[in-house]
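Have a look at coords13.cif below; it lists mmCIF, C-alpha atoms.
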data_start
loop_
_atom_site.label_atom_id
_atom_site.label_comp_id
_atom_site.auth_asym_id
_atom_site.auth_seq_id
_atom_site.Cartn_x
_atom_site.Cartn_y
_atom_site.Cartn_z
CA MET Y 1 107.59 150.20 96.03
CA LYS Y 2 106.52 151.21 99.54
CA LYS Y 3 103.31 149.15 99.19
CA LYS Y 4 105.34 146.08 98.18
CA LEU Y 5 107.67 146.52 101.14
CA ILE Y 6 104.71 146.87 103.51
CA SER Y 7 103.12 143.71 102.05
CA LEU Y 8 106.34 141.75 102.46
CA ALA Y 9 106.70 142.96 106.04
CA VAL Y 10 103.15 141.90 106.93
CA ALA Y 11 103.63 138.49 105.28
CA GLY Y 12 106.91 138.02 107.17
CA ALA Y 13 105.28 138.92 110.48
CA LEU Y 14 102.49 136.41 109.91
CA ALA Y 15 104.97 133.71 108.89
CA VAL Y 16 107.00 133.96 112.13
CA PRO Y 17 104.42 132.36 114.48
CA MET Y 18 103.58 129.71 111.88
CA ALA Y 19 107.22 128.67 111.63
CA ALA Y 20 107.58 128.70 115.42
CA SER Y 21 104.55 126.47 115.87
CA ALA Y 22 106.08 123.99 113.45
CA GLN Y 23 109.28 123.62 115.46
CA GLY Y 24 109.42 120.21 117.16
CA THR Y 25 106.34 119.02 115.26
CA ASN Y 26 106.41 116.20 112.74
CA VAL Y 27 103.49 115.55 110.37
CA THR Y 28 103.39 112.26 108.46
CA LEU Y 29 100.95 111.48 105.66
CA PHE Y 30 100.49 107.73 105.19
CA GLY Y 31 98.27 105.22 103.47
CA SER Y 32 97.80 101.85 101.85
CA VAL Y 33 96.05 100.83 98.63
CA GLN Y 34 94.99 97.24 97.96
CA ALA Y 35 92.97 95.43 95.31
CA GLU Y 36 92.12 91.73 95.05
CA TYR Y 37 90.48 89.54 92.50
CA ALA Y 38 88.67 87.23 94.90
CA THR Y 39 86.14 84.47 94.33
CA VAL Y 40 83.98 83.07 97.14
CA ASN Y 41 82.10 79.85 96.32
CA ARG Y 42 79.52 78.89 98.94
CA ASP Y 43 77.76 75.55 98.56
CA GLY Y 44 74.42 75.87 96.81
CA GLN Y 45 75.12 79.37 95.50
CA SER Y 46 76.60 80.78 92.35
CA SER Y 47 80.22 81.93 92.43
CA GLN Y 48 80.69 85.39 93.93
CA ALA Y 49 83.67 87.15 92.28
CA HIS Y 50 84.84 90.64 93.11
CA ILE Y 51 87.65 93.08 92.31
CA GLY Y 52 88.23 95.50 95.16
CA ASP Y 53 88.99 95.56 98.86
CA ASP Y 54 86.19 93.96 100.88
CA THR Y 55 88.34 93.65 104.00
CA GLY Y 56 89.13 97.35 104.23
CA ARG Y 57 92.90 97.44 103.98
CA SER Y 58 92.95 100.57 101.81
CA ARG Y 59 93.32 103.70 103.91
CA TRP Y 60 94.88 107.15 104.13
CA GLY Y 61 95.57 109.44 107.04
CA MET Y 62 97.76 111.84 108.95
CA HIS Y 63 99.88 111.26 112.07
CA VAL Y 64 101.21 114.24 114.06
CA THR Y 65 103.85 114.19 116.79
CA GLU Y 66 104.97 117.23 118.81
CA ASN Y 67 107.91 117.20 121.22
CA LEU Y 68 106.85 118.93 124.44
CA GLY Y 69 110.19 118.60 126.21
CA GLY Y 70 111.40 116.33 128.98
CA GLY Y 71 110.70 113.26 126.84
CA LEU Y 72 106.96 114.04 126.65
CA LYS Y 73 105.20 113.99 123.27
CA ALA Y 74 101.73 114.98 122.12
CA LYS Y 75 100.24 112.98 119.26
CA ALA Y 76 97.23 113.14 116.99
CA HIS Y 77 96.05 110.53 114.50
CA VAL Y 78 93.27 110.73 111.89
CA GLU Y 79 92.66 107.85 109.50
CA TYR Y 80 89.99 107.04 106.91
CA GLY Y 81 89.38 104.01 104.70
CA PHE Y 82 88.16 103.60 101.15
CA SER Y 83 87.39 100.84 98.68
CA THR Y 84 89.33 100.29 95.46
CA GLY Y 85 86.37 98.43 93.97
CA SER Y 86 83.64 101.03 94.48
CA GLY Y 87 83.01 104.72 95.04
CA ALA Y 88 83.07 104.46 98.84
CA LEU Y 89 85.45 107.08 100.26
CA GLY Y 90 86.10 108.47 103.71
CA ILE Y 91 85.10 105.51 105.92
CA ALA Y 92 86.05 106.40 109.50
CA ARG Y 93 88.87 104.40 111.08
CA GLU Y 94 91.12 105.47 113.97
CA ARG Y 95 90.85 109.04 115.30
CA TRP Y 96 92.59 109.92 118.56
CA VAL Y 97 94.88 112.23 120.53
CA ALA Y 98 97.58 110.94 122.88
CA LEU Y 99 100.34 111.73 125.36
CA ALA Y 100 103.46 109.56 125.19
CA ASN Y 101 106.77 109.14 126.96
CA ASP Y 102 109.47 106.52 126.40
CA ASN Y 103 109.63 105.88 130.16
CA TRP Y 104 105.96 105.38 131.00
CA GLY Y 105 104.26 104.56 127.67
CA GLU Y 106 101.37 106.02 125.65
CA LEU Y 107 97.83 107.05 126.59
CA LYS Y 108 95.26 107.52 123.79
CA PHE Y 109 91.77 109.06 123.84
CA GLY Y 110 89.19 108.69 121.06
CA ARG Y 111 88.37 105.98 118.51
CA VAL Y 112 91.07 103.33 118.79
CA GLN Y 113 91.91 99.75 117.94
CA SER Y 114 91.58 97.09 120.64
CA PRO Y 115 94.60 95.31 122.19
CA PHE Y 116 93.11 92.01 120.97
CA LYS Y 117 93.51 93.27 117.41
CA ASP Y 118 96.93 94.91 117.18
CA PHE Y 119 98.83 94.10 120.39
CA ALA Y 120 98.45 90.49 121.58
CA GLY Y 121 97.64 87.91 118.91
CA GLY Y 122 94.79 88.58 116.51
CA MET Y 123 95.90 90.31 113.33
CA THR Y 124 99.50 90.55 114.55
CA ILE Y 125 100.01 86.82 113.96
CA ASP Y 126 97.94 86.45 110.76
CA PRO Y 127 100.04 87.26 107.67
CA PHE Y 128 96.83 87.26 105.58
CA ALA Y 129 95.11 89.87 107.77
CA TYR Y 130 93.07 92.33 105.70
CA THR Y 131 92.72 89.94 102.76
CA THR Y 132 89.91 87.51 101.88
CA LEU Y 133 92.13 84.74 103.31
CA GLN Y 134 92.15 86.30 106.79
CA ALA Y 135 91.55 84.10 109.82
CA SER Y 136 89.06 86.44 111.49
CA GLY Y 137 85.36 86.33 110.70
CA SER Y 138 84.94 84.59 107.37
CA GLY Y 139 88.09 82.53 108.02
CA GLY Y 140 86.42 81.20 111.13
CA THR Y 141 89.51 80.81 113.33
CA MET Y 142 89.68 84.20 115.11
CA SER Y 143 87.03 86.36 116.77
CA ALA Y 144 85.92 89.43 114.81
CA GLY Y 145 83.36 91.16 117.02
CA ALA Y 146 81.53 94.07 115.38
CA ASN Y 147 81.64 96.09 118.63
CA GLY Y 148 85.37 96.64 118.25
CA LEU Y 149 86.39 94.57 121.29
CA GLY Y 150 87.47 91.68 119.07
CA SER Y 151 90.17 91.47 116.41
CA GLY Y 152 88.12 91.83 113.24
CA ALA Y 153 89.06 93.88 110.19
CA ASN Y 154 87.75 97.47 110.49
CA GLY Y 155 86.70 96.85 114.09
CA PHE Y 156 87.31 99.91 116.30
CA VAL Y 157 86.30 100.99 119.79
CA ASN Y 158 84.44 104.29 120.06
CA SER Y 159 84.70 106.63 123.05
CA ALA Y 160 87.68 104.83 124.55
CA ALA Y 161 90.88 105.39 126.50
CA ARG Y 162 93.80 103.04 125.78
CA TYR Y 163 97.17 102.68 127.50
CA ASP Y 164 100.24 100.89 126.08
CA SER Y 165 103.24 100.33 128.32
CA PRO Y 166 106.90 100.41 127.28
CA LYS Y 167 108.72 97.08 127.02
CA VAL Y 168 110.61 96.25 130.23
CA GLU Y 169 112.81 93.12 130.32
CA GLY Y 170 110.71 91.71 127.47
CA PHE Y 171 107.36 92.38 129.19
CA SER Y 172 104.69 94.84 128.00
CA PHE Y 173 100.95 95.26 128.45
CA SER Y 174 97.99 97.19 127.08
CA GLY Y 175 94.62 98.15 128.53
CA LEU Y 176 91.42 99.73 127.18
CA LEU Y 177 88.38 101.32 128.85
CA MET Y 178 85.07 102.21 127.18
CA PRO Y 179 82.48 104.19 129.21
CA GLY Y 180 79.18 102.58 130.12
CA ASP Y 181 75.81 103.87 128.90
CA SER Y 182 77.42 104.57 125.53
CA ASN Y 183 74.97 102.58 123.38
CA ARG Y 184 74.50 105.54 121.04
CA LEU Y 185 78.21 105.39 120.14
CA ASP Y 186 78.63 101.77 119.08
CA PRO Y 187 77.87 100.84 115.43
CA ALA Y 188 77.34 97.13 116.07
CA ASN Y 189 73.68 96.22 115.72
CA VAL Y 190 71.91 93.16 117.12
CA ILE Y 191 68.79 94.50 118.86
CA ALA Y 192 66.46 97.00 117.20
CA SER Y 193 65.64 100.27 118.94
CA SER Y 194 62.25 100.72 120.59
CA GLY Y 195 60.19 103.49 122.16
CA SER Y 196 61.42 102.48 125.60
CA TYR Y 197 65.10 102.44 124.65
CA ALA Y 198 65.58 104.98 121.90
CA GLY Y 199 68.92 105.58 120.22
CA SER Y 200 71.16 103.57 117.96
CA GLN Y 201 71.28 99.82 118.10
CA SER Y 202 74.11 98.56 120.25
CA ASN Y 203 76.30 95.69 121.38
CA SER Y 204 78.45 97.66 123.79
CA GLY Y 205 78.21 99.95 126.79
CA GLY Y 206 76.82 98.55 130.02
CA GLU Y 207 74.01 99.89 132.21
CA ASP Y 208 74.40 101.98 135.36
CA GLY Y 209 77.78 103.37 134.34
CA GLU Y 210 79.54 100.03 133.90
CA TRP Y 211 82.67 100.25 131.75
CA ASP Y 212 83.64 97.76 129.09
CA PHE Y 213 87.32 96.93 129.27
CA GLN Y 214 90.09 94.81 127.78
CA VAL Y 215 93.59 94.00 129.04
CA ALA Y 216 96.43 92.11 127.37
CA GLY Y 217 100.06 91.35 128.08
CA LYS Y 218 102.97 89.67 126.33
CA TYR Y 219 106.55 88.55 126.88
CA GLU Y 220 109.16 88.39 124.11
CA ALA Y 221 112.73 87.09 124.27
CA GLN Y 222 115.62 85.90 122.09
CA MET Y 223 117.61 82.79 122.95
CA ALA Y 224 120.34 81.29 120.76
CA GLY Y 225 118.80 82.74 117.60
CA HIS Y 226 115.26 81.68 118.56
CA ASN Y 227 112.62 84.41 118.92
CA LEU Y 228 110.00 83.44 121.48
CA GLY Y 229 106.81 85.14 122.58
CA VAL Y 230 103.76 84.38 124.71
CA PHE Y 231 100.67 86.54 125.16
CA GLY Y 232 97.33 86.55 126.90
CA GLY Y 233 94.35 88.78 127.52
CA TYR Y 234 90.85 89.26 128.92
CA SER Y 235 87.91 91.21 127.50
CA ARG Y 236 84.59 92.12 129.14
CA ASP Y 237 81.54 93.53 127.32
CA ASN Y 238 78.84 94.63 129.79
CA ILE Y 239 75.33 94.23 128.44
CA SER Y 240 73.04 97.26 128.30
CA THR Y 241 69.53 97.81 129.59
CA ARG Y 242 68.07 97.22 126.14
CA GLN Y 243 69.97 93.94 125.79
CA ARG Y 244 68.65 92.77 129.15
CA THR Y 245 65.11 93.48 127.91
CA GLY Y 246 65.32 91.98 124.42
CA ASN Y 247 63.02 92.81 121.53
CA ALA Y 248 62.50 92.43 117.77
CA GLY Y 249 62.94 88.66 117.92
CA TYR Y 250 66.19 88.75 119.93
CA PRO Y 251 66.31 87.06 123.32
CA ALA Y 252 66.87 88.99 126.52
CA LEU Y 253 70.50 88.63 127.61
CA VAL Y 254 71.31 87.78 131.21
CA ASN Y 255 75.09 87.86 131.65
CA ASN Y 256 77.98 90.00 130.48
CA GLU Y 257 80.38 88.72 127.83
CA HIS Y 258 83.80 87.39 128.89
CA VAL Y 259 86.58 86.47 126.46
CA TRP Y 260 89.92 84.94 127.45
CA ARG Y 261 92.82 84.65 125.02
CA GLY Y 262 96.22 82.97 125.16
CA GLY Y 263 98.86 82.16 122.56
CA ALA Y 264 102.51 81.88 121.58
CA MET Y 265 104.92 82.74 118.76
CA TRP Y 266 108.25 81.17 117.71
CA SER Y 267 110.64 81.92 114.89
CA PHE Y 268 114.08 80.64 113.92
CA GLN Y 269 115.95 81.71 110.81
CA ASN Y 270 113.37 81.40 107.99
CA PHE Y 271 110.68 79.54 109.95
CA LYS Y 272 107.77 80.94 111.97
CA LEU Y 273 105.07 79.21 114.01
CA ASN Y 274 102.24 80.80 116.00
CA GLY Y 275 98.86 80.06 117.47
CA GLN Y 276 96.19 81.23 119.86
CA TYR Y 277 93.15 79.99 121.77
CA GLU Y 278 90.07 82.04 122.66
CA HIS Y 279 87.36 81.06 125.14
CA ILE Y 280 84.05 82.96 125.10
CA ASN Y 281 81.27 83.04 127.71
CA ASN Y 282 77.87 84.69 127.12
CA ALA Y 283 78.65 85.98 123.65
CA VAL Y 284 77.45 89.50 122.82
CA GLY Y 285 79.89 91.20 120.46
CA ALA Y 286 81.45 87.78 119.80
CA ALA Y 287 78.10 86.75 118.27
CA SER Y 288 78.73 89.16 115.40
CA CYS Y 289 81.36 90.16 112.84
CA THR Y 290 82.36 93.44 111.23
CA ASN Y 291 81.28 93.67 107.59
CA ALA Y 292 84.94 93.60 106.56
CA GLY Y 293 85.47 90.54 108.75
CA GLN Y 294 82.77 88.58 106.94
CA LEU Y 295 83.43 89.86 103.40
CA GLY Y 296 80.08 91.62 103.19
CA ASN Y 297 76.88 92.39 105.09
CA PRO Y 298 74.53 89.38 105.26
CA THR Y 299 71.58 91.54 106.41
CA THR Y 300 71.56 93.85 103.40
CA GLY Y 301 72.11 93.62 99.69
CA LEU Y 302 71.37 95.47 96.49
CA GLY Y 303 68.15 94.03 95.07
CA GLN Y 304 68.28 90.93 97.28
CA PRO Y 305 67.57 90.05 100.91
CA SER Y 306 71.21 89.36 101.71
CA ASP Y 307 74.78 89.80 100.54
CA THR Y 308 75.66 86.24 99.55
CA ARG Y 309 79.40 86.82 100.02
CA GLY Y 310 78.90 87.61 103.70
CA GLN Y 311 79.32 84.81 106.23
CA CYS Y 312 80.61 85.15 109.79
CA ASN Y 313 82.13 81.74 110.46
CA SER Y 314 83.72 82.77 113.76
CA ALA Y 315 80.50 84.02 115.42
CA MET Y 316 79.12 82.47 118.60
CA ASN Y 317 75.39 82.05 119.24
CA LEU Y 318 74.01 85.19 120.94
CA GLY Y 319 74.22 84.66 124.70
CA GLY Y 320 76.08 81.37 124.26
CA ASP Y 321 79.55 80.02 124.98
CA GLY Y 322 82.26 78.69 122.69
CA ASN Y 323 85.93 78.55 121.79
CA ILE Y 324 88.18 79.26 118.81
CA TRP Y 325 91.70 78.07 118.07
CA PHE Y 326 94.16 79.07 115.35
CA ALA Y 327 97.60 77.78 114.29
CA GLY Y 328 99.87 78.85 111.45
CA GLY Y 329 103.30 78.35 109.94
CA GLN Y 330 105.43 80.41 107.56
CA TYR Y 331 108.64 79.81 105.61
CA ASP Y 332 110.52 82.74 104.06
CA PHE Y 333 112.96 82.49 101.18
CA GLY Y 334 114.23 85.59 99.48
CA ASN Y 335 111.35 88.03 99.11
CA THR Y 336 108.68 85.31 99.22
CA SER Y 337 106.78 83.80 102.15
CA LEU Y 338 104.91 80.49 101.97
CA ILE Y 339 102.04 80.26 104.47
CA ALA Y 340 99.82 77.48 105.81
CA GLN Y 341 97.33 78.02 108.65
CA GLY Y 342 94.00 76.86 109.99
CA GLY Y 343 91.89 76.12 113.04
CA MET Y 344 88.35 75.66 114.33
CA THR Y 345 85.43 77.60 115.80
CA ASN Y 346 83.10 75.79 118.21
CA ALA Y 347 79.89 77.70 119.00
CA HIS Y 348 77.94 75.91 121.73
CA GLY Y 349 74.19 75.48 121.35
CA LEU Y 350 71.53 77.00 123.59
CA ALA Y 351 68.66 75.13 125.23
CA GLY Y 352 65.56 75.84 123.15
CA GLY Y 353 67.62 78.06 120.85
CA PRO Y 354 70.26 77.78 118.11
CA ALA Y 355 72.08 74.46 117.84
CA LYS Y 356 75.82 74.16 118.17
CA ARG Y 357 78.00 74.88 115.16
CA GLU Y 358 81.55 73.87 114.31
CA VAL Y 359 83.58 75.53 111.55
CA SER Y 360 87.03 74.29 110.58
CA SER Y 361 89.19 75.85 107.90
CA PHE Y 362 92.63 75.70 106.37
CA THR Y 363 94.46 78.24 104.23
CA VAL Y 364 97.50 78.01 101.96
CA GLY Y 365 99.10 80.82 100.02
CA ALA Y 366 102.08 83.06 99.41
CA ILE Y 367 103.19 86.68 99.77
CA HIS Y 368 105.88 88.11 97.49
CA ASN Y 369 107.46 91.44 98.37
CA LEU Y 370 108.28 93.46 95.28
CA SER Y 371 109.88 96.10 97.54
CA LYS Y 372 109.59 97.35 101.11
CA ARG Y 373 106.28 98.99 100.18
CA SER Y 374 104.72 96.84 97.44
CA SER Y 375 103.68 93.19 97.54
CA LEU Y 376 101.71 90.53 95.68
CA PHE Y 377 99.71 87.82 97.47
CA GLY Y 378 97.40 84.95 96.69
CA GLY Y 379 96.06 81.65 97.94
CA TYR Y 380 93.17 79.35 98.74
CA GLN Y 381 90.95 78.84 101.79
CA ARG Y 382 88.53 76.02 102.52
CA ALA Y 383 85.90 76.40 105.29
CA MET Y 384 83.85 73.39 106.40
CA VAL Y 385 80.72 73.90 108.50
CA ASP Y 386 78.89 71.47 110.76
CA ASP Y 387 75.65 73.42 111.25
CA ARG Y 388 72.45 71.59 112.19
CA ASN Y 389 70.40 74.60 111.09
CA ALA Y 390 72.06 74.57 107.66
CA VAL Y 391 72.23 78.38 107.73
CA PHE Y 392 75.99 78.48 107.21
CA LYS Y 393 77.59 76.89 104.15
CA ASP Y 394 80.88 75.25 103.26
CA SER Y 395 82.95 77.59 101.11
CA ASN Y 396 86.00 77.82 98.89
CA THR Y 397 87.84 81.14 98.56
CA TYR Y 398 90.46 81.97 95.93
CA THR Y 399 92.29 85.27 95.69
CA VAL Y 400 95.17 87.10 94.10
CA GLY Y 401 95.96 90.70 94.92
CA MET Y 402 98.40 93.57 95.22
CA ARG Y 403 99.12 96.04 98.02
CA HIS Y 404 101.15 99.26 98.12
CA ASN Y 405 101.93 101.14 101.33
CA PHE Y 406 103.02 104.75 101.39
#
Could you write out this file's structure as structure tokens?
Amino acid sequence: MKKKLISLAVAGALAVPMAASAQGTNVTLFGSVQAEYATVNRDGQSSQAHIGDDTGRSRWGMHVTENLGGGLKAKAHVEYGFSTGSGALGIARERWVALANDNWGELKFGRVQSPFKDFAGGMTIDPFAYTTLQASGSGGTMSAGANGLGSGANGFVNSAARYDSPKVEGFSFSGLLMPGDSNRLDPANVIASSGSYAGSQSNSGGEDGEWDFQVAGKYEAQMAGHNLGVFGGYSRDNISTRQRTGNAGYPALVNNEHVWRGGAMWSFQNFKLNGQYEHINNAVGAASCTNAGQLGNPTTGLGQPSDTRGQCNSAMNLGGDGNIWFAGGQYDFGNTSLIAQGGMTNAHGLAGGPAKREVSSFTVGAIHNLSKRSSLFGGYQRAMVDDRNAVFKDSNTYTVGMRHNF
């Protein structure tokens, strides 16, 4: 009996600090599971059908918030992705710590999303984001840079600090900084490593301590039942020493990448309209797409030289200029939304290099909400390519899928 009492006393003593540390702390487990039956038909190729989640919507993670007092909060966020159509599990997504206050906003440190993706335009105005009908990358009407500075599916920024302001009189803004000389941290690959510049291949992180950065702002208001919003942003990707040198068949780059974005949103009762315009100079990251943004990896493939589903319709020519515009409309009735959207990518040609390319596309489809957490979706997308090199192909995409959030 005495031994049992002693054991209970020890267990109680150990439990006291654990309970105390849990006071004021909230831990949330979350996730999303999605599967699509999607068919991509590119001209001159056999039909490419797939059941799974090429665009990387499926994820799971943990979000922790601790109240520190005086309105200050500490946060931690860990998130991983997986595929419902294969054995891939534990793909790294967001991972960061943060300090937040309702009066001055939130400051994150770690692997984060870019403001162009989840704050001003981008995936926030595309109802088909994270499906094979998405506008970014394969859709050809939104940038989807593989270095994370764009708005592509599964695009994240490594080694970054991000600040999001509170909303004041309808105004809010967001900013992101990524340290220079961080080529070993960025997963986007366009120039092979060499003996002179060892390390991972890189699209991001400038030389001599230059910092990549992105800023975005928006204004939202309600007037007589109309919801209005405008947004804009600027992104700069400083080229690295290796990119200035060039090797392995890639040209030496001369100038840093600059991307400007502007757009607007409007909704009234059951109707929604939105659109955005992006202007790119000296494309670096904008000359690429995340694998999820292009529905596959065109540089690899099992038993073949390329993944024939993969096609980055929104990419610029490396080192070149261009522009992309997107427009969409939505009508909601009951639990169902009817959607129509489209736009065009114009990649300018380079003297003595790749010719110009224009890609236009339109998408129609529907989303039906079975509940607040479960939904069905489906639709059709047509992409039409004017490519003098005939590398890119016209394509037809059909999909039907289901998503559950928890």
Quick one: residues within 7 Å of Y:Gly145, all atoms listed in the file counted, chain neighbours fewer than 2 positions away excluded, as a PDB file with C-alpha atoms, in the coordinates of the input?
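Resulting contents of around.pdb:
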ATOM      1  CA  SER Y 143      87.030  86.360 116.770  1.00  0.00           C
ATOM      2  CA  ASN Y 147      81.640  96.090 118.630  1.00  0.00           C
ATOM      3  CA  GLY Y 148      85.370  96.640 118.250  1.00  0.00           C
ATOM      4  CA  LEU Y 149      86.390  94.570 121.290  1.00  0.00           C
ATOM      5  CA  GLY Y 150      87.470  91.680 119.070  1.00  0.00           C
ATOM      6  CA  SER Y 151      90.170  91.470 116.410  1.00  0.00           C
ATOM      7  CA  GLY Y 152      88.120  91.830 113.240  1.00  0.00           C
ATOM      8  CA  GLY Y 285      79.890  91.200 120.460  1.00  0.00           C
ATOM      9  CA  ALA Y 286      81.450  87.780 119.800  1.00  0.00           C
ATOM     10  CA  ALA Y 287      78.100  86.750 118.270  1.00  0.00           C
ATOM     11  CA  SER Y 288      78.730  89.160 115.400  1.00  0.00           C
ATOM     12  CA  CYS Y 289      81.360  90.160 112.840  1.00  0.00           C
ATOM     13  CA  THR Y 290      82.360  93.440 111.230  1.00  0.00           C
TER      14      THR Y 290
END
Evaluate the PyMOL selection byres ((chain Y and resi 257) around 12) and report residues as a VMD selection string: chain Y and resid 145 147 149 to 150 203 to 206 212 to 214 234 to 240 243 253 to 256 258 to 260 279 to 287 316 to 322
Which residue, Y:Gly233, Y:Gly137, Y:Pro115, Y:Gly90, has the smallest gap to Y:Gly61 when you use all atoms listed in the file? Y:Gly90
Using only C-alpha atoms, determine which residues lie at most 6 Å from stretch 361-375 of chain Y, disregarding the query and same-chain residues fewer than 6 positions distant; provide the list as a list of chain:residue names.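 What passes the distance filter is Y:Asn335, Y:Thr336, Y:Ser337, Y:Leu338, Y:Ile339, Y:Ala340, Y:Gln341, Y:Gly342, Y:Gly343, Y:Gln381, Y:Arg382, Y:Ala383, Y:Met402, Y:Arg403, Y:His404, Y:Asn405.
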Might you spell out which residues the PyMOL selection byres ((chain Y and resi 394) around 9) would select in the displayed file, as a list in words? Asn41, Arg42, Asp43, Val359, Arg382, Ala383, Met384, Val385, Asp386, Phe392, Lys393, Ser395 and Asn396 of chain Y
If the PyMOL selection byres ((chain Y and resi 84-86) around 9) were run on this exact file, what residues would it hold? Put them as a PyMOL selection string. chain Y and resi 33-36+50-54+58+82-83+87-89
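From atom CA of Y:Ser138 back to atom CA of Y:Gly310, the distance works out to 7.7 Å.
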